[in-house]
Amino acid sequence: MLPLRQVWPAEAAARYCAAGHWRGETLPGFLRQRAAERPEALAIIGGDQRWSYAELWARAGRAAAGFLASGLRPGDRVVVQLGNVPEFFAAIFGLFRAHLVPVYALPGHRLTEITHFLRKAEAAGYICADRGADGFDYRALARQAREAEPGLRHVFVVGEAEEFSAFAALDGDVGALPGDPDPASVAFLQISGGTTGLSKLIPRTHDDYIYSFRASNEICGVTPDSALMVALPAAHNFPMSSPGHLGALYAGARVVLSPSPSPEVAFPLIARERVTITGLVPPLALLWAEAAPTTPHDLSSLKVQLVGGAKLTTEAARRVAEALPRCQLQQVFGMAEGLVNYTRLDDPPELVLATQGRPISPDDEVLILDDQGHPVPEGQPGNLLARGPYTIRAYHNEEAANARSFTPDGYYRTGDIVSRTPEGYLVVQGRAGDHINRAGEKISAEEIEDHLLAHPNVFDAAVVSVPDEFLGERSCAFLIPRGERPKPAAIRAWMRQRQIADFKVPDQVVLVDSFETTAVGKISRKELRARLRARLLAEQ
Ligand code: J2J
């Protein structure tokens, strides 16, 4: 099994420790402390369950002991695929307490993605729900995944477990659990947006991740009195750490789980639980802005509304800010690989509305370079590169991708095109890579093209992003047919059968006779996608 590592040069690590960014804290360690300091305080509110810090700690302990009793060994990786339910927290803190390593999958992922994660992580375990909100049966997925990946030895199910182990029944000798892990060790594997090809695994350490959400708490005003609503899927990096549920738990605050981000579900919960802060992607923030002025529910407790994951235009930002006048809009531009930028709560409106914020840390190093690698003149757009105390230096087991994604001196090439204001705030202008940012879900054009090329009646495929009023961007697949001409609807239905996340199924399918590239000879896929996108926009 390939060891998990995330290594900063000794000089940088010493600097981050000396600056107080890395404090030797760990994820299970901080929860143990909170459970000791405020055992009765509410930690997790979800469905009809209300867990105190003491209860969360105890449940994590039973899960941890049960994981080890079932035969998992410290260091083993476990794919976690749960929605916004309290058991998500018993599961991940149980894994942390047992020195097992969660790999975060989203509820929308299907067999194709799950087997990819299992394989890449060499995972021995999988934790899922019995069924999803849409009725999807994850146990059937588990059966198929076990066939495809025999290394998967342990499946734990929240709910009706059938032949698998029931998560609720996990128990064992809590007294025999190991002590806190090494703060410099990898705590979990986050999933990359997969901007080129399949998702990569992102090893994050206790020290670096805790710094990112502890500092986020300060920037976003999270205190023990806060109530943070998780409306996006809890496994996403944004609702997890910016400042996210982990930030809220670190602060000793309450985490309120919303099973859906829709105003119909979230608004009554905000009123009932007096939610003070939440985070949304731009399309949802706009939906909330539509619904807020006329809702019968009392939203007056909401003090901070974070919006990020995709670009919030200035006009959209204005609408969001005006809909909840007593709630502060805060833009956040982050990435699971590390670097996170926020507008600050005391920033003037022009910065809050028109920028995506500035980095969390004084030790975040940000470069904006042209395609030749030279710094662009101040204010001009360029490629964003970053390194710092919570930005990774390498993906897990991706030698070739690492050579492309990181410079020799350790900067991460974010793939985003940004400019910088005189105040040092970043404005996202676009991106260098070809992915579709569909309401905050990143979809790799290459990954979808690969699927389409497996269709017997597809000769060639190019997938592009198209501006979409609601989603921000949607996906459009251009296909050159071969043999019998397939119907666009049939292509979409066929893609669904590929057992991929639904958000990856192309929103639009356009059949063309050729890509009309002959006149200019051979062009790159990137150039081809750009031309097809331009052609589609011109026709609209
Ligand atoms: C434009 N593009 C943005 C923004 C992310 C906090 C917030 C978001 C994420 C996230 C995160 C954007 N405007 N405000 O992990 O901790 C695009 C960029 C970026 C990519 C990262 C967090 N906020 N983006 O979205 O790993 O292209 O993280 O590189 O899912 O989302 O995606 P992801």
# chains A, B, ... in the order shown; residues from 1 in each chain; ligands from 1
>>> residues_near_ligand(ligand="ligand 1", cutoff="8 Å", atoms="only C-alpha atoms and all ligand atoms", output="PyMOL selection string")
chain A and resi 191-193+236-243+307-312+331-341+356+414-416+427-431+437+440-442
>>> write_last_selection(atoms="C-alpha atoms", output="mmCIF file, in the first residue's frame")
data_model
loop_
_atom_site.group_PDB
_atom_site.id
_atom_site.type_symbol
_atom_site.label_atom_id
_atom_site.label_comp_id
_atom_site.auth_asym_id
_atom_site.auth_seq_id
_atom_site.Cartn_x
_atom_site.Cartn_y
_atom_site.Cartn_z
ATOM 1 C CA ILE A 191 -11.234 14.908 -3.888
ATOM 2 C CA SER A 192 -10.011 17.303 -6.568
ATOM 3 C CA GLY A 193 -12.402 18.918 -8.993
ATOM 4 C CA HIS A 236 -17.334 19.223 -0.027
ATOM 5 C CA ASN A 237 -14.251 21.176 0.973
ATOM 6 C CA PHE A 238 -16.139 24.492 1.131
ATOM 7 C CA PRO A 239 -18.852 23.504 3.678
ATOM 8 C CA MET A 240 -16.256 21.425 5.528
ATOM 9 C CA SER A 241 -13.563 24.018 6.090
ATOM 10 C CA SER A 242 -14.441 27.519 4.920
ATOM 11 C CA PRO A 243 -15.059 27.879 7.833
ATOM 12 C CA VAL A 307 -20.856 32.572 -1.404
ATOM 13 C CA GLY A 308 -18.204 30.717 -3.388
ATOM 14 C CA GLY A 309 -17.319 27.675 -5.460
ATOM 15 C CA ALA A 310 -17.978 29.543 -8.702
ATOM 16 C CA LYS A 311 -17.880 33.162 -9.779
ATOM 17 C CA LEU A 312 -20.466 35.472 -8.266
ATOM 18 C CA GLN A 331 -17.266 36.040 -0.971
ATOM 19 C CA VAL A 332 -14.981 33.034 -0.746
ATOM 20 C CA PHE A 333 -12.703 31.722 -3.468
ATOM 21 C CA GLY A 334 -11.086 28.485 -2.408
ATOM 22 C CA MET A 335 -9.959 25.080 -3.546
ATOM 23 C CA ALA A 336 -9.646 21.660 -1.967
ATOM 24 C CA GLU A 337 -5.895 21.798 -2.725
ATOM 25 C CA GLY A 338 -5.511 24.657 -0.281
ATOM 26 C CA LEU A 339 -5.511 28.416 -0.902
ATOM 27 C CA VAL A 340 -8.685 30.131 0.305
ATOM 28 C CA ASN A 341 -9.518 33.830 -0.127
ATOM 29 C CA GLN A 356 -13.322 37.226 -4.532
ATOM 30 C CA THR A 414 -4.487 26.489 -9.664
ATOM 31 C CA GLY A 415 -5.630 26.665 -13.298
ATOM 32 C CA ASP A 416 -7.538 29.853 -12.447
ATOM 33 C CA VAL A 427 -10.820 38.860 -9.036
ATOM 34 C CA VAL A 428 -11.472 35.563 -10.828
ATOM 35 C CA GLN A 429 -11.452 36.197 -14.574
ATOM 36 C CA GLY A 430 -11.724 32.653 -15.901
ATOM 37 C CA ARG A 431 -9.605 29.568 -16.027
ATOM 38 C CA ASN A 437 -18.058 24.659 -13.273
ATOM 39 C CA GLY A 440 -19.867 24.718 -8.144
ATOM 40 C CA GLU A 441 -19.466 21.080 -9.264
ATOM 41 C CA LYS A 442 -16.358 20.826 -11.408
#
>>> select_by_dssp(residues="segment 373-448 of chain A", states="strand (DSSP E or B)", output="ChimeraX atom specification")
/A:375,382-387,406,412-420,426-431,435-438,441-444
>>> closest_residue(among="A:Ala401, A:Leu100, A:Leu453, A:Val505", to="Ile436 of chain A", atoms="only C-alpha atoms")
A:Val505
>>> atom_distance(atom1="atom CA of Asp76 of chain A", atom2="atom CA of Thr391 of chain A")
23.7 Å
>>> closest_residue(among="A:Leu72, A:Val158, A:Leu329, A:Gly83", to="Gly125 of chain A", atoms="only C-alpha atoms")
A:Leu72
>>> select_by_dssp(residues="segment 80-295 of chain A", states="alpha helix (DSSP H)", output="MDAnalysis selection string")
chainID A and resid 86:97 111:121 138:148 206:220 237:241 244:251 263:273 282:291
>>> residues_around(residues="segment 291-302 of chain A", least_positions_apart="2", cutoff="12 Å", atoms="only C-alpha atoms", output="VMD selection string")
chain A and resid 225 to 229 262 to 279 284 to 289 304 to 306 319 to 329
>>> residues_around(residues="segment 43-53 of chain A", least_positions_apart="3", cutoff="6 Å", atoms="only C-alpha atoms", output="list of chain:residue names")
A:Ala35, A:Pro39, A:Glu40, A:Leu56, A:Val85, A:Pro86, A:Arg254, A:Val255, A:Val256, A:Leu257
>>> write_last_selection(atoms="N, CA and C atoms", output="PDB file, in the first residue's frame")
ATOM      1  N   ALA A  35     -15.196  18.287  23.848  1.00  0.00           N
ATOM      2  CA  ALA A  35     -16.112  17.413  24.586  1.00  0.00           C
ATOM      3  C   ALA A  35     -15.832  17.497  26.089  1.00  0.00           C
ATOM      4  N   PRO A  39     -19.206  19.563  27.508  1.00  0.00           N
ATOM      5  CA  PRO A  39     -19.833  18.284  27.149  1.00  0.00           C
ATOM      6  C   PRO A  39     -21.311  18.415  26.785  1.00  0.00           C
ATOM      7  N   GLU A  40     -22.020  19.312  27.449  1.00  0.00           N
ATOM      8  CA  GLU A  40     -23.471  19.386  27.231  1.00  0.00           C
ATOM      9  C   GLU A  40     -23.849  20.279  26.058  1.00  0.00           C
ATOM     10  N   LEU A  56     -21.276  13.251  20.635  1.00  0.00           N
ATOM     11  CA  LEU A  56     -20.525  13.081  19.381  1.00  0.00           C
ATOM     12  C   LEU A  56     -19.212  12.345  19.663  1.00  0.00           C
ATOM     13  N   VAL A  85     -26.105  13.997   7.282  1.00  0.00           N
ATOM     14  CA  VAL A  85     -26.713  13.298   8.417  1.00  0.00           C
ATOM     15  C   VAL A  85     -25.701  13.284   9.567  1.00  0.00           C
ATOM     16  N   PRO A  86     -26.195  13.238  10.816  1.00  0.00           N
ATOM     17  CA  PRO A  86     -25.263  13.232  11.956  1.00  0.00           C
ATOM     18  C   PRO A  86     -24.242  12.103  11.867  1.00  0.00           C
ATOM     19  N   ARG A 254     -22.565  25.265  17.114  1.00  0.00           N
ATOM     20  CA  ARG A 254     -23.526  24.241  16.674  1.00  0.00           C
ATOM     21  C   ARG A 254     -23.464  24.087  15.161  1.00  0.00           C
ATOM     22  N   VAL A 255     -23.593  22.842  14.712  1.00  0.00           N
ATOM     23  CA  VAL A 255     -23.655  22.560  13.278  1.00  0.00           C
ATOM     24  C   VAL A 255     -25.077  22.093  12.976  1.00  0.00           C
ATOM     25  N   VAL A 256     -25.743  22.788  12.074  1.00  0.00           N
ATOM     26  CA  VAL A 256     -27.121  22.453  11.709  1.00  0.00           C
ATOM     27  C   VAL A 256     -27.099  21.868  10.305  1.00  0.00           C
ATOM     28  N   LEU A 257     -27.555  20.630  10.157  1.00  0.00           N
ATOM     29  CA  LEU A 257     -27.482  19.954   8.861  1.00  0.00           C
ATOM     30  C   LEU A 257     -28.799  20.115   8.120  1.00  0.00           C
TER      31      LEU A 257
END
>>> closest_residue(among="A:Leu532, A:Cys220, A:Leu384, A:Ala54", to="Arg32 of chain A", atoms="only C-alpha atoms")
A:Ala54
>>> atom_distance(atom1="atom CA of Glu25 of chain A", atom2="atom CA of Ile202 of chain A")
19.8 Å
>>> residues_around(residues="Cys476 of chain A", least_positions_apart="5", cutoff="6 Å", atoms="only C-alpha atoms", output="list in words")
Val463, Val464, Pro506, Asp507, Gln508 and Val509 of chain A
>>> write_last_selection(atoms="N, CA and C atoms", output="PDB file, in the first residue's frame")
ATOM      1  N   VAL A 463     -16.429  18.294 -25.329  1.00  0.00           N
ATOM      2  CA  VAL A 463     -17.363  18.800 -24.321  1.00  0.00           C
ATOM      3  C   VAL A 463     -16.911  20.205 -23.911  1.00  0.00           C
ATOM      4  N   VAL A 464     -17.852  21.135 -23.915  1.00  0.00           N
ATOM      5  CA  VAL A 464     -17.516  22.533 -23.596  1.00  0.00           C
ATOM      6  C   VAL A 464     -18.488  23.085 -22.553  1.00  0.00           C
ATOM      7  N   PRO A 506     -24.056  15.272 -19.883  1.00  0.00           N
ATOM      8  CA  PRO A 506     -24.115  16.554 -20.609  1.00  0.00           C
ATOM      9  C   PRO A 506     -25.530  17.145 -20.593  1.00  0.00           C
ATOM     10  N   ASP A 507     -25.614  18.451 -20.325  1.00  0.00           N
ATOM     11  CA  ASP A 507     -26.924  19.102 -20.306  1.00  0.00           C
ATOM     12  C   ASP A 507     -27.476  19.220 -21.707  1.00  0.00           C
ATOM     13  N   GLN A 508     -26.583  19.293 -22.655  1.00  0.00           N
ATOM     14  CA  GLN A 508     -26.989  19.525 -24.031  1.00  0.00           C
ATOM     15  C   GLN A 508     -26.102  18.651 -24.916  1.00  0.00           C
ATOM     16  N   VAL A 509     -26.704  18.085 -25.985  1.00  0.00           N
ATOM     17  CA  VAL A 509     -25.921  17.281 -26.927  1.00  0.00           C
ATOM     18  C   VAL A 509     -26.189  17.825 -28.325  1.00  0.00           C
TER      19      VAL A 509
END
